[in-house]
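Student: The structure file structure.cif (mmCIF, C-alpha atoms) is provided below.
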```
data_upload
loop_
_atom_site.group_PDB
_atom_site.id
_atom_site.type_symbol
_atom_site.label_atom_id
_atom_site.label_comp_id
_atom_site.auth_asym_id
_atom_site.auth_seq_id
_atom_site.Cartn_x
_atom_site.Cartn_y
_atom_site.Cartn_z
ATOM 1 C CA MET A 20 0.000 0.000 0.000
ATOM 2 C CA ARG A 21 1.102 3.574 -0.647
ATOM 3 C CA THR A 22 2.273 5.549 2.389
ATOM 4 C CA ARG A 23 -0.554 8.056 1.938
ATOM 5 C CA ASP A 24 -3.136 5.287 2.041
ATOM 6 C CA ILE A 25 -1.566 3.810 5.167
ATOM 7 C CA GLY A 26 -2.022 7.271 6.720
ATOM 8 C CA LEU A 27 -5.697 7.256 5.727
ATOM 9 C CA ALA A 28 -6.049 3.848 7.336
ATOM 10 C CA GLY A 29 -4.605 5.336 10.534
ATOM 11 C CA LEU A 30 -7.202 8.116 10.503
ATOM 12 C CA ILE A 31 -9.949 5.522 10.122
ATOM 13 C CA VAL A 32 -8.521 3.642 13.113
ATOM 14 C CA LEU A 33 -8.743 6.776 15.276
ATOM 15 C CA VAL A 34 -12.264 7.681 14.163
ATOM 16 C CA TRP A 35 -13.635 4.179 14.652
ATOM 17 C CA GLY A 36 -11.816 3.605 17.937
ATOM 18 C CA VAL A 37 -13.526 6.605 19.552
ATOM 19 C CA ASN A 38 -16.802 5.543 17.908
ATOM 20 C CA PHE A 39 -17.571 2.870 20.543
ATOM 21 C CA ALA A 40 -17.568 5.300 23.461
ATOM 22 C CA VAL A 41 -19.781 7.637 21.417
ATOM 23 C CA ILE A 42 -22.245 4.798 20.760
ATOM 24 C CA LYS A 43 -22.607 4.164 24.487
ATOM 25 C CA ALA A 44 -23.213 7.863 25.059
ATOM 26 C CA GLY A 45 -25.809 7.910 22.295
ATOM 27 C CA LEU A 46 -27.652 4.952 23.816
ATOM 28 C CA HIS A 47 -28.407 6.953 26.962
ATOM 29 C CA GLY A 48 -32.073 7.702 26.385
ATOM 30 C CA VAL A 49 -32.229 6.414 22.788
ATOM 31 C CA PRO A 50 -32.952 2.720 22.069
ATOM 32 C CA PRO A 51 -30.422 1.019 19.752
ATOM 33 C CA LEU A 52 -32.523 0.495 16.616
ATOM 34 C CA LEU A 53 -33.911 4.027 16.749
ATOM 35 C CA LEU A 54 -30.337 5.286 17.171
ATOM 36 C CA GLY A 55 -29.469 3.441 13.957
ATOM 37 C CA ALA A 56 -32.343 5.112 12.106
ATOM 38 C CA LEU A 57 -31.312 8.584 13.310
ATOM 39 C CA ARG A 58 -27.680 7.947 12.410
ATOM 40 C CA PHE A 59 -28.445 7.216 8.782
ATOM 41 C CA VAL A 60 -31.070 9.932 8.396
ATOM 42 C CA LEU A 61 -28.288 12.438 9.095
ATOM 43 C CA ALA A 62 -25.758 10.491 7.033
ATOM 44 C CA ALA A 63 -28.079 10.635 4.011
ATOM 45 C CA LEU A 64 -28.545 14.436 4.078
ATOM 46 C CA PRO A 65 -25.649 15.135 1.661
ATOM 47 C CA VAL A 66 -27.580 13.379 -1.156
ATOM 48 C CA LEU A 67 -28.977 16.873 -1.807
ATOM 49 C CA PHE A 68 -25.521 18.007 -2.913
ATOM 50 C CA VAL A 69 -23.669 14.846 -4.010
ATOM 51 C CA PRO A 70 -24.380 13.270 -7.431
ATOM 52 C CA ARG A 71 -25.235 9.574 -7.314
ATOM 53 C CA PRO A 72 -22.575 7.267 -8.763
ATOM 54 C CA LYS A 73 -24.057 5.363 -11.704
ATOM 55 C CA LEU A 74 -24.150 1.917 -10.129
ATOM 56 C CA PRO A 75 -26.912 -0.694 -9.969
ATOM 57 C CA TRP A 76 -29.313 -0.023 -7.106
ATOM 58 C CA ARG A 77 -28.807 -3.581 -5.877
ATOM 59 C CA LEU A 78 -25.297 -2.612 -4.742
ATOM 60 C CA TYR A 79 -26.655 0.304 -2.711
ATOM 61 C CA ILE A 80 -29.281 -1.976 -1.180
ATOM 62 C CA LEU A 81 -26.825 -4.770 -0.370
ATOM 63 C CA TYR A 82 -24.346 -2.338 1.165
ATOM 64 C CA GLY A 83 -27.057 -0.599 3.189
ATOM 65 C CA LEU A 84 -28.507 -3.828 4.537
ATOM 66 C CA THR A 85 -25.181 -5.458 5.417
ATOM 67 C CA ILE A 86 -22.601 -2.938 6.548
ATOM 68 C CA SER A 87 -25.212 -0.464 7.846
ATOM 69 C CA VAL A 88 -28.391 -2.162 9.102
ATOM 70 C CA GLY A 89 -26.835 -5.546 9.863
ATOM 71 C CA GLN A 90 -23.598 -4.367 11.446
ATOM 72 C CA PHE A 91 -24.950 -1.477 13.485
ATOM 73 C CA GLY A 92 -28.223 -3.104 14.439
ATOM 74 C CA PHE A 93 -26.261 -5.899 16.095
ATOM 75 C CA LEU A 94 -23.480 -3.649 17.471
ATOM 76 C CA PHE A 95 -25.814 -1.076 19.029
ATOM 77 C CA SER A 96 -27.880 -3.896 20.520
ATOM 78 C CA ALA A 97 -24.734 -5.556 21.895
ATOM 79 C CA ILE A 98 -23.657 -2.409 23.740
ATOM 80 C CA HIS A 99 -27.265 -1.831 24.846
ATOM 81 C CA VAL A 100 -27.392 -5.241 26.584
ATOM 82 C CA GLY A 101 -24.126 -4.581 28.401
ATOM 83 C CA MET A 102 -21.234 -5.396 26.069
ATOM 84 C CA PRO A 103 -18.266 -3.270 27.281
ATOM 85 C CA THR A 104 -17.272 -0.759 24.620
ATOM 86 C CA GLY A 105 -13.571 -1.693 24.771
ATOM 87 C CA LEU A 106 -14.264 -5.395 24.285
ATOM 88 C CA ALA A 107 -16.805 -4.593 21.561
ATOM 89 C CA SER A 108 -14.050 -2.763 19.683
ATOM 90 C CA VAL A 109 -11.904 -5.903 19.954
ATOM 91 C CA VAL A 110 -14.464 -8.546 19.029
ATOM 92 C CA LEU A 111 -15.860 -6.520 16.115
ATOM 93 C CA GLN A 112 -12.474 -6.731 14.421
ATOM 94 C CA SER A 113 -13.056 -10.398 13.753
ATOM 95 C CA GLN A 114 -14.642 -8.926 10.607
ATOM 96 C CA ALA A 115 -11.147 -8.983 9.126
ATOM 97 C CA PHE A 116 -11.112 -12.737 9.291
ATOM 98 C CA PHE A 117 -14.694 -13.145 8.141
ATOM 99 C CA THR A 118 -13.589 -10.992 5.196
ATOM 100 C CA LEU A 119 -10.629 -13.286 4.495
ATOM 101 C CA LEU A 120 -12.970 -16.263 4.364
ATOM 102 C CA LEU A 121 -15.580 -14.544 2.190
ATOM 103 C CA SER A 122 -12.959 -13.110 -0.172
ATOM 104 C CA LEU A 123 -11.699 -16.647 -0.719
ATOM 105 C CA LEU A 124 -15.159 -18.118 -1.299
ATOM 106 C CA TRP A 125 -16.748 -15.292 -3.340
ATOM 107 C CA LEU A 126 -13.882 -13.384 -4.924
ATOM 108 C CA GLY A 127 -11.266 -16.097 -5.337
ATOM 109 C CA GLU A 128 -8.608 -14.032 -3.568
ATOM 110 C CA ARG A 129 -5.774 -16.288 -2.400
ATOM 111 C CA TRP A 130 -4.499 -16.475 1.149
ATOM 112 C CA ARG A 131 -0.854 -16.258 2.100
ATOM 113 C CA THR A 132 0.501 -18.568 4.767
ATOM 114 C CA SER A 133 0.932 -15.568 7.075
ATOM 115 C CA GLN A 134 -2.769 -14.713 6.725
ATOM 116 C CA LEU A 135 -3.789 -18.238 7.676
ATOM 117 C CA LEU A 136 -1.512 -18.124 10.724
ATOM 118 C CA GLY A 137 -2.946 -14.732 11.657
ATOM 119 C CA LEU A 138 -6.443 -16.174 11.356
ATOM 120 C CA LEU A 139 -5.583 -18.999 13.758
ATOM 121 C CA LEU A 140 -4.054 -16.614 16.300
ATOM 122 C CA ALA A 141 -7.082 -14.340 16.169
ATOM 123 C CA ALA A 142 -9.464 -17.288 16.499
ATOM 124 C CA GLY A 143 -7.647 -18.279 19.673
ATOM 125 C CA GLY A 144 -7.993 -14.731 20.967
ATOM 126 C CA LEU A 145 -11.724 -14.665 20.272
ATOM 127 C CA ALA A 146 -12.104 -18.019 22.019
ATOM 128 C CA LEU A 147 -10.412 -16.660 25.156
ATOM 129 C CA ILE A 148 -12.604 -13.564 25.143
ATOM 130 C CA GLY A 149 -15.766 -15.592 24.526
ATOM 131 C CA MET A 150 -14.998 -17.990 27.387
ATOM 132 C CA ALA A 151 -14.743 -14.998 29.721
ATOM 133 C CA HIS A 152 -18.440 -14.164 29.354
ATOM 134 C CA GLY A 153 -20.109 -13.342 32.620
ATOM 135 C CA LEU A 154 -16.960 -11.568 33.816
ATOM 136 C CA GLY A 155 -18.255 -8.110 32.993
ATOM 137 C CA MET A 156 -19.360 -9.261 29.524
ATOM 138 C CA PRO A 157 -22.769 -10.832 28.735
ATOM 139 C CA LEU A 158 -22.737 -13.780 26.339
ATOM 140 C CA LEU A 159 -25.574 -12.228 24.312
ATOM 141 C CA GLY A 160 -23.516 -9.072 23.832
ATOM 142 C CA PHE A 161 -20.549 -11.156 22.638
ATOM 143 C CA LEU A 162 -22.715 -13.071 20.139
ATOM 144 C CA PHE A 163 -24.364 -9.878 18.867
ATOM 145 C CA THR A 164 -20.917 -8.374 18.280
ATOM 146 C CA LEU A 165 -19.795 -11.431 16.297
ATOM 147 C CA CYS A 166 -22.944 -11.095 14.165
ATOM 148 C CA ALA A 167 -22.080 -7.428 13.608
ATOM 149 C CA ALA A 168 -18.587 -8.447 12.483
ATOM 150 C CA SER A 169 -19.946 -10.966 9.986
ATOM 151 C CA MET A 170 -22.267 -8.344 8.490
ATOM 152 C CA TRP A 171 -19.385 -5.875 8.173
ATOM 153 C CA ALA A 172 -17.430 -8.538 6.290
ATOM 154 C CA CYS A 173 -20.345 -9.044 3.901
ATOM 155 C CA GLY A 174 -20.356 -5.294 3.291
ATOM 156 C CA ASN A 175 -16.642 -5.420 2.483
ATOM 157 C CA ILE A 176 -17.360 -7.970 -0.247
ATOM 158 C CA VAL A 177 -20.096 -5.728 -1.666
ATOM 159 C CA THR A 178 -17.552 -2.898 -1.792
ATOM 160 C CA ARG A 179 -15.208 -5.068 -3.838
ATOM 161 C CA GLN A 180 -18.077 -5.658 -6.277
ATOM 162 C CA VAL A 181 -18.560 -1.886 -6.544
ATOM 163 C CA ALA A 182 -14.898 -1.559 -7.560
ATOM 164 C CA LYS A 183 -15.520 -3.814 -10.558
ATOM 165 C CA HIS A 184 -17.611 -1.049 -12.132
ATOM 166 C CA GLY A 185 -14.542 1.136 -12.565
ATOM 167 C CA PRO A 186 -13.487 4.312 -10.725
ATOM 168 C CA VAL A 187 -16.239 5.293 -8.278
ATOM 169 C CA ASN A 188 -16.565 8.245 -5.916
ATOM 170 C CA MET A 189 -16.768 6.120 -2.758
ATOM 171 C CA PHE A 190 -17.803 9.021 -0.536
ATOM 172 C CA ALA A 191 -20.790 9.614 -2.806
ATOM 173 C CA PHE A 192 -21.543 5.899 -2.786
ATOM 174 C CA VAL A 193 -21.623 5.790 1.032
ATOM 175 C CA VAL A 194 -23.836 8.892 1.125
ATOM 176 C CA TRP A 195 -26.375 7.444 -1.290
ATOM 177 C CA ALA A 196 -26.239 4.012 0.375
ATOM 178 C CA SER A 197 -27.251 5.789 3.594
ATOM 179 C CA LEU A 198 -30.723 6.226 2.084
ATOM 180 C CA ILE A 199 -31.328 2.499 2.536
ATOM 181 C CA PRO A 200 -31.009 1.939 6.344
ATOM 182 C CA PRO A 201 -33.477 4.456 7.904
ATOM 183 C CA LEU A 202 -36.692 2.680 6.920
ATOM 184 C CA PRO A 203 -35.532 -0.855 7.884
ATOM 185 C CA PHE A 204 -34.176 0.517 11.171
ATOM 186 C CA LEU A 205 -37.398 2.380 11.889
ATOM 187 C CA GLY A 206 -39.486 -0.684 11.064
ATOM 188 C CA LEU A 207 -37.369 -2.845 13.368
ATOM 189 C CA SER A 208 -37.566 -0.204 16.089
ATOM 190 C CA LEU A 209 -41.369 -0.071 15.862
ATOM 191 C CA ALA A 210 -41.637 -3.855 15.946
ATOM 192 C CA ILE A 211 -39.071 -4.570 18.681
ATOM 193 C CA GLU A 212 -38.688 -1.417 20.787
ATOM 194 C CA GLY A 213 -42.263 -0.187 20.381
ATOM 195 C CA PRO A 214 -43.915 3.178 19.625
ATOM 196 C CA GLU A 215 -43.826 4.281 23.264
ATOM 197 C CA ALA A 216 -40.049 3.878 23.511
ATOM 198 C CA ILE A 217 -39.626 5.858 20.283
ATOM 199 C CA ARG A 218 -41.937 8.636 21.484
ATOM 200 C CA THR A 219 -40.171 8.870 24.852
ATOM 201 C CA ALA A 220 -36.732 9.016 23.216
ATOM 202 C CA LEU A 221 -37.691 11.713 20.707
ATOM 203 C CA THR A 222 -39.521 13.940 23.188
ATOM 204 C CA GLY A 223 -36.596 13.736 25.624
ATOM 205 C CA PHE A 224 -33.886 14.114 22.985
ATOM 206 C CA SER A 225 -30.893 16.013 24.436
ATOM 207 C CA TRP A 226 -27.893 17.920 23.062
ATOM 208 C CA PRO A 227 -25.461 15.109 24.043
ATOM 209 C CA SER A 228 -27.642 12.660 22.089
ATOM 210 C CA LEU A 229 -27.661 14.977 19.068
ATOM 211 C CA LEU A 230 -23.868 15.359 19.183
ATOM 212 C CA ALA A 231 -23.471 11.582 19.447
ATOM 213 C CA VAL A 232 -25.751 10.992 16.446
ATOM 214 C CA ALA A 233 -23.896 13.668 14.459
ATOM 215 C CA TYR A 234 -20.529 12.028 15.179
ATOM 216 C CA LEU A 235 -21.859 8.582 14.268
ATOM 217 C CA ALA A 236 -23.415 9.909 11.047
ATOM 218 C CA TRP A 237 -20.866 12.354 9.690
ATOM 219 C CA VAL A 238 -17.549 11.282 11.190
ATOM 220 C CA ALA A 239 -17.809 7.517 11.737
ATOM 221 C CA THR A 240 -20.066 6.823 8.733
ATOM 222 C CA LEU A 241 -19.321 9.357 6.003
ATOM 223 C CA LEU A 242 -15.675 10.057 6.751
ATOM 224 C CA GLY A 243 -14.765 6.616 8.125
ATOM 225 C CA TYR A 244 -16.616 4.415 5.662
ATOM 226 C CA GLY A 245 -15.960 6.758 2.772
ATOM 227 C CA LEU A 246 -12.214 6.344 3.296
ATOM 228 C CA TRP A 247 -12.563 2.632 4.099
ATOM 229 C CA SER A 248 -14.499 1.991 0.903
ATOM 230 C CA ARG A 249 -11.917 3.980 -1.047
ATOM 231 C CA LEU A 250 -9.135 1.720 0.239
ATOM 232 C CA LEU A 251 -11.142 -1.426 -0.488
ATOM 233 C CA ALA A 252 -11.740 -0.189 -4.015
ATOM 234 C CA ARG A 253 -7.966 0.225 -4.543
ATOM 235 C CA TYR A 254 -6.592 -2.881 -2.822
ATOM 236 C CA PRO A 255 -7.633 -6.514 -2.252
ATOM 237 C CA ALA A 256 -9.991 -7.001 0.695
ATOM 238 C CA ASN A 257 -7.549 -9.331 2.425
ATOM 239 C CA GLN A 258 -4.914 -6.553 2.392
ATOM 240 C CA VAL A 259 -7.103 -3.755 3.749
ATOM 241 C CA ALA A 260 -9.258 -5.549 6.328
ATOM 242 C CA PRO A 261 -6.454 -6.374 8.831
ATOM 243 C CA PHE A 262 -5.838 -2.660 9.462
ATOM 244 C CA SER A 263 -9.105 -2.539 11.381
ATOM 245 C CA LEU A 264 -7.513 -4.682 14.088
ATOM 246 C CA LEU A 265 -5.737 -1.542 15.293
ATOM 247 C CA VAL A 266 -9.110 -0.015 16.186
ATOM 248 C CA PRO A 267 -9.234 -1.839 19.555
ATOM 249 C CA VAL A 268 -6.074 -0.046 20.683
ATOM 250 C CA VAL A 269 -7.936 3.262 20.489
ATOM 251 C CA GLY A 270 -11.186 1.657 21.628
ATOM 252 C CA LEU A 271 -9.677 0.138 24.761
ATOM 253 C CA ILE A 272 -7.875 3.352 25.712
ATOM 254 C CA THR A 273 -11.018 5.439 25.145
ATOM 255 C CA ALA A 274 -13.153 2.986 27.153
ATOM 256 C CA TRP A 275 -10.719 3.183 30.056
ATOM 257 C CA VAL A 276 -10.444 6.987 29.989
ATOM 258 C CA VAL A 277 -14.174 7.692 29.554
ATOM 259 C CA TYR A 278 -15.890 4.780 31.332
ATOM 260 C CA ARG A 279 -13.063 3.292 33.436
ATOM 261 C CA GLU A 280 -13.616 -0.107 31.804
ATOM 262 C CA GLN A 281 -10.970 -2.680 32.718
ATOM 263 C CA LEU A 282 -10.242 -6.176 31.376
ATOM 264 C CA ASN A 283 -9.302 -9.260 33.342
ATOM 265 C CA GLY A 284 -6.253 -11.393 32.569
ATOM 266 C CA GLN A 285 -8.092 -13.822 30.302
ATOM 267 C CA GLN A 286 -9.601 -11.007 28.257
ATOM 268 C CA TRP A 287 -6.211 -9.328 27.921
ATOM 269 C CA GLY A 288 -4.806 -12.643 26.695
ATOM 270 C CA GLY A 289 -7.441 -12.690 23.967
ATOM 271 C CA VAL A 290 -6.655 -9.103 23.006
ATOM 272 C CA VAL A 291 -2.942 -9.929 22.718
ATOM 273 C CA LEU A 292 -3.662 -12.889 20.435
ATOM 274 C CA LEU A 293 -5.872 -10.726 18.221
ATOM 275 C CA MET A 294 -3.147 -8.101 17.964
ATOM 276 C CA ALA A 295 -0.627 -10.836 17.154
ATOM 277 C CA GLY A 296 -2.940 -11.977 14.380
ATOM 278 C CA LEU A 297 -2.880 -8.454 12.936
ATOM 279 C CA LEU A 298 0.898 -8.260 12.998
ATOM 280 C CA VAL A 299 1.241 -11.630 11.291
ATOM 281 C CA ASN A 300 -1.299 -10.603 8.630
ATOM 282 C CA LEU A 301 0.408 -7.316 7.870
ATOM 283 C CA GLN A 302 4.085 -8.193 8.290
ATOM 284 C CA GLY A 303 4.283 -11.997 8.283
ATOM 285 C CA ALA A 304 5.329 -12.382 4.641
ATOM 286 C CA ARG A 305 7.894 -9.583 4.967
ATOM 287 C CA LEU A 306 9.445 -11.026 8.145
ATOM 288 C CA TRP A 307 9.528 -14.525 6.658
ATOM 289 C CA SER A 308 11.398 -13.234 3.615
ATOM 290 C CA LEU A 309 13.942 -11.492 5.840
ATOM 291 C CA LEU A 310 14.449 -14.627 7.945
ATOM 292 C CA ARG A 311 15.141 -16.625 4.773
ATOM 293 C CA GLY A 312 17.683 -14.038 3.646
ATOM 294 C CA GLN A 313 15.540 -12.913 0.722
ATOM 295 C CA PRO A 314 14.783 -9.286 -0.205
ATOM 296 C CA ALA A 315 11.685 -8.020 1.604
ATOM 297 C CA PRO A 316 8.679 -7.281 -0.610
ATOM 298 C CA ALA A 317 8.893 -3.738 -1.958
ATOM 299 C CA ARG A 318 6.642 -1.042 -0.513
ATOM 300 C CA THR A 319 5.432 1.850 -2.591
ATOM 301 C CA GLY A 320 4.535 5.398 -1.629
#
```
Mind turning the file's structure into structure tokens?

Tutor:
Amino acid sequence: MRTRDIGLAGLIVLVWGVNFAVIKAGLHGVPPLLLGALRFVLAALPVLFVPRPKLPWRLYILYGLTISVGQFGFLFSAIHVGMPTGLASVVLQSQAFFTLLLSLLWLGERWRTSQLLGLLLAAGGLALIGMAHGLGMPLLGFLFTLCAASMWACGNIVTRQVAKHGPVNMFAFVVWASLIPPLPFLGLSLAIEGPEAIRTALTGFSWPSLLAVAYLAWVATLLGYGLWSRLLARYPANQVAPFSLLVPVVGLITAWVVYREQLNGQQWGGVVLLMAGLLVNLQGARLWSLLRGQPAPARTG
């Protein structure tokens, strides 16, 4: 990857790492599915000024239902039922490995040995974290977060399909795809959370809630996913996705600073294995070449 694009990936890491603490703040007084609807109502506002990329509507629908409704419906619900924000930021990054699997099955992208080893390390980390449920982490919250990760991975594959249509303004694509989630979210909120919960949340809507929704809509969604989709359009999914494993570093620090969340030894062990999986994915092939006395793969930028 070019150095500039690695810098963009770092910005995404920062934006998404803080995102988890903001979600928890937004859930104070606003039920999770309604919060999802509000997020994408604001995210869709720029359609008034941004031309729609000429892509099939099915791609907008698939992206909106997977990476938006699916991912955030499960993630918001996970944090709502008590999933710690720091651990949510860790477990959600299993999307990188769901993406590796789906890119192999659907796109025919080949795995390197280092990616397979990284997958095994991360799987061990997730197992340690999952077995620690009940220690400040509800099992339902853990399962919801895994479902969110799988939906994010599906959205990554949709993004790769978008790239096949040639150069695309990915910011504009994310803006127009934000038209899809509000109605499904609102329908789910009416069916699951109920009209009374929606009425109470809207009548008691506060400035902190508005700021949280604005951050989720314009910073985490439009800026974060606009840049993320741009990277996925330029590079193979199995090269971009592992960068998201750095998000927990910011997420864990933010959770500790804002909410004083702390992990036990078993959970930290899982985090370390996940981070090791990232390092092996990103640098495994390069390190292996150096150990064998061969020139390291060239980097551009």

Student: Enter the distance from CA of Thr118 in chain A to CA of Ala168 in chain A, in Å, rounded to one decimal.

Tutor: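 Separation between CA of Thr118 in chain A and CA of Ala168 in chain A: 9.2 Å.
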
Student: Between A:Val193, A:Ala216, A:Leu136, A:Val34, which residue has the minimum interatomic distance to Leu298 in chain A, considering only C-alpha atoms?

Tutor: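 Of the candidates, the smallest distance to Leu298 in chain A is held by A:Leu136.
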
Student: Got a sec: who's within 6 Å of range 217-221 of chain A, counting only C-alpha atoms, leaving out chain neighbours fewer than 3 positions off, as a list of chain:residue names?

Tutor: A:Gly48, A:Val49, A:Pro214, A:Phe224

Student: Record the distance separating CA of Val268 in chain A and CA of Ile42 in chain A, expressed in Å with one decimal.

Tutor: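 Those two atoms sit 16.9 Å apart.
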
Student: Which is closest to Cys173 in chain A among A:Leu147, A:Ile86, A:Met189, A:Leu158, if we use all atoms listed in the file?

Tutor: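 Distance minimum relative to Cys173 in chain A lands on A:Ile86.
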
Student: Taking all atoms listed in the file into account, name the residue in A:Asn188, A:Asn38, A:Thr178, A:Asn300 that is nearest to Leu119 in chain A.

Tutor: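 For Leu119 in chain A, the nearest of the given residues is A:Asn300.
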
Student: With a distance cut-off of 12 Å and only C-alpha atoms, select the neighbouring residues of Phe204 in chain A, excluding the residue or stretch itself and same-chain residues fewer than 4 positions from it, and output the selection as an MDAnalysis selection string.

Tutor: chainID A and resid 50:60 83:84 87:93 95 197:200 208:212 217

Student: Where does the PyMOL selection byres ((chain A and resi 133) around 8) land in this file, that is, which residues does it pick, as a ChimeraX atom specification?

Tutor: /A:131-132,134-137,299-300,303-304

Student: Could you work out how far CA of Ala40 in chain A lies from CA of Thr273 in chain A, giving the answer in Å with one decimal?

Tutor: 6.8 Å

Student: Got a sec to check which residues sit within 9 Å of (-3.5, -9.2, 13.3), counting only C-alpha atoms, and write them as a list in words?

Tutor: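 I get Ala115, Gln134, Gly137, Leu138, Leu140, Ala141, Pro261, Phe262, Ser263, Leu264, Leu265, Leu292, Leu293, Met294, Ala295, Gly296, Leu297, Leu298, Val299, Asn300 and Leu301 of chain A for the residues within 9 Å of that point.
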
Student: List the residues selected by the PyMOL selection byres ((chain A and resi 23) around 12) in the file shown, writing them as an NGL selection string.

Tutor: :A and (20-22 or 24-30 or 246 or 250 or 318-320)

Student: Which protein, DNA or RNA residues are at most 12 Å from (-22.7, -7.6, 16.1) in the file's coordinates when you count all atoms listed in the file, listed as a ChimeraX atom specification?

Tutor: /A:85-100,102,106-114,158-172
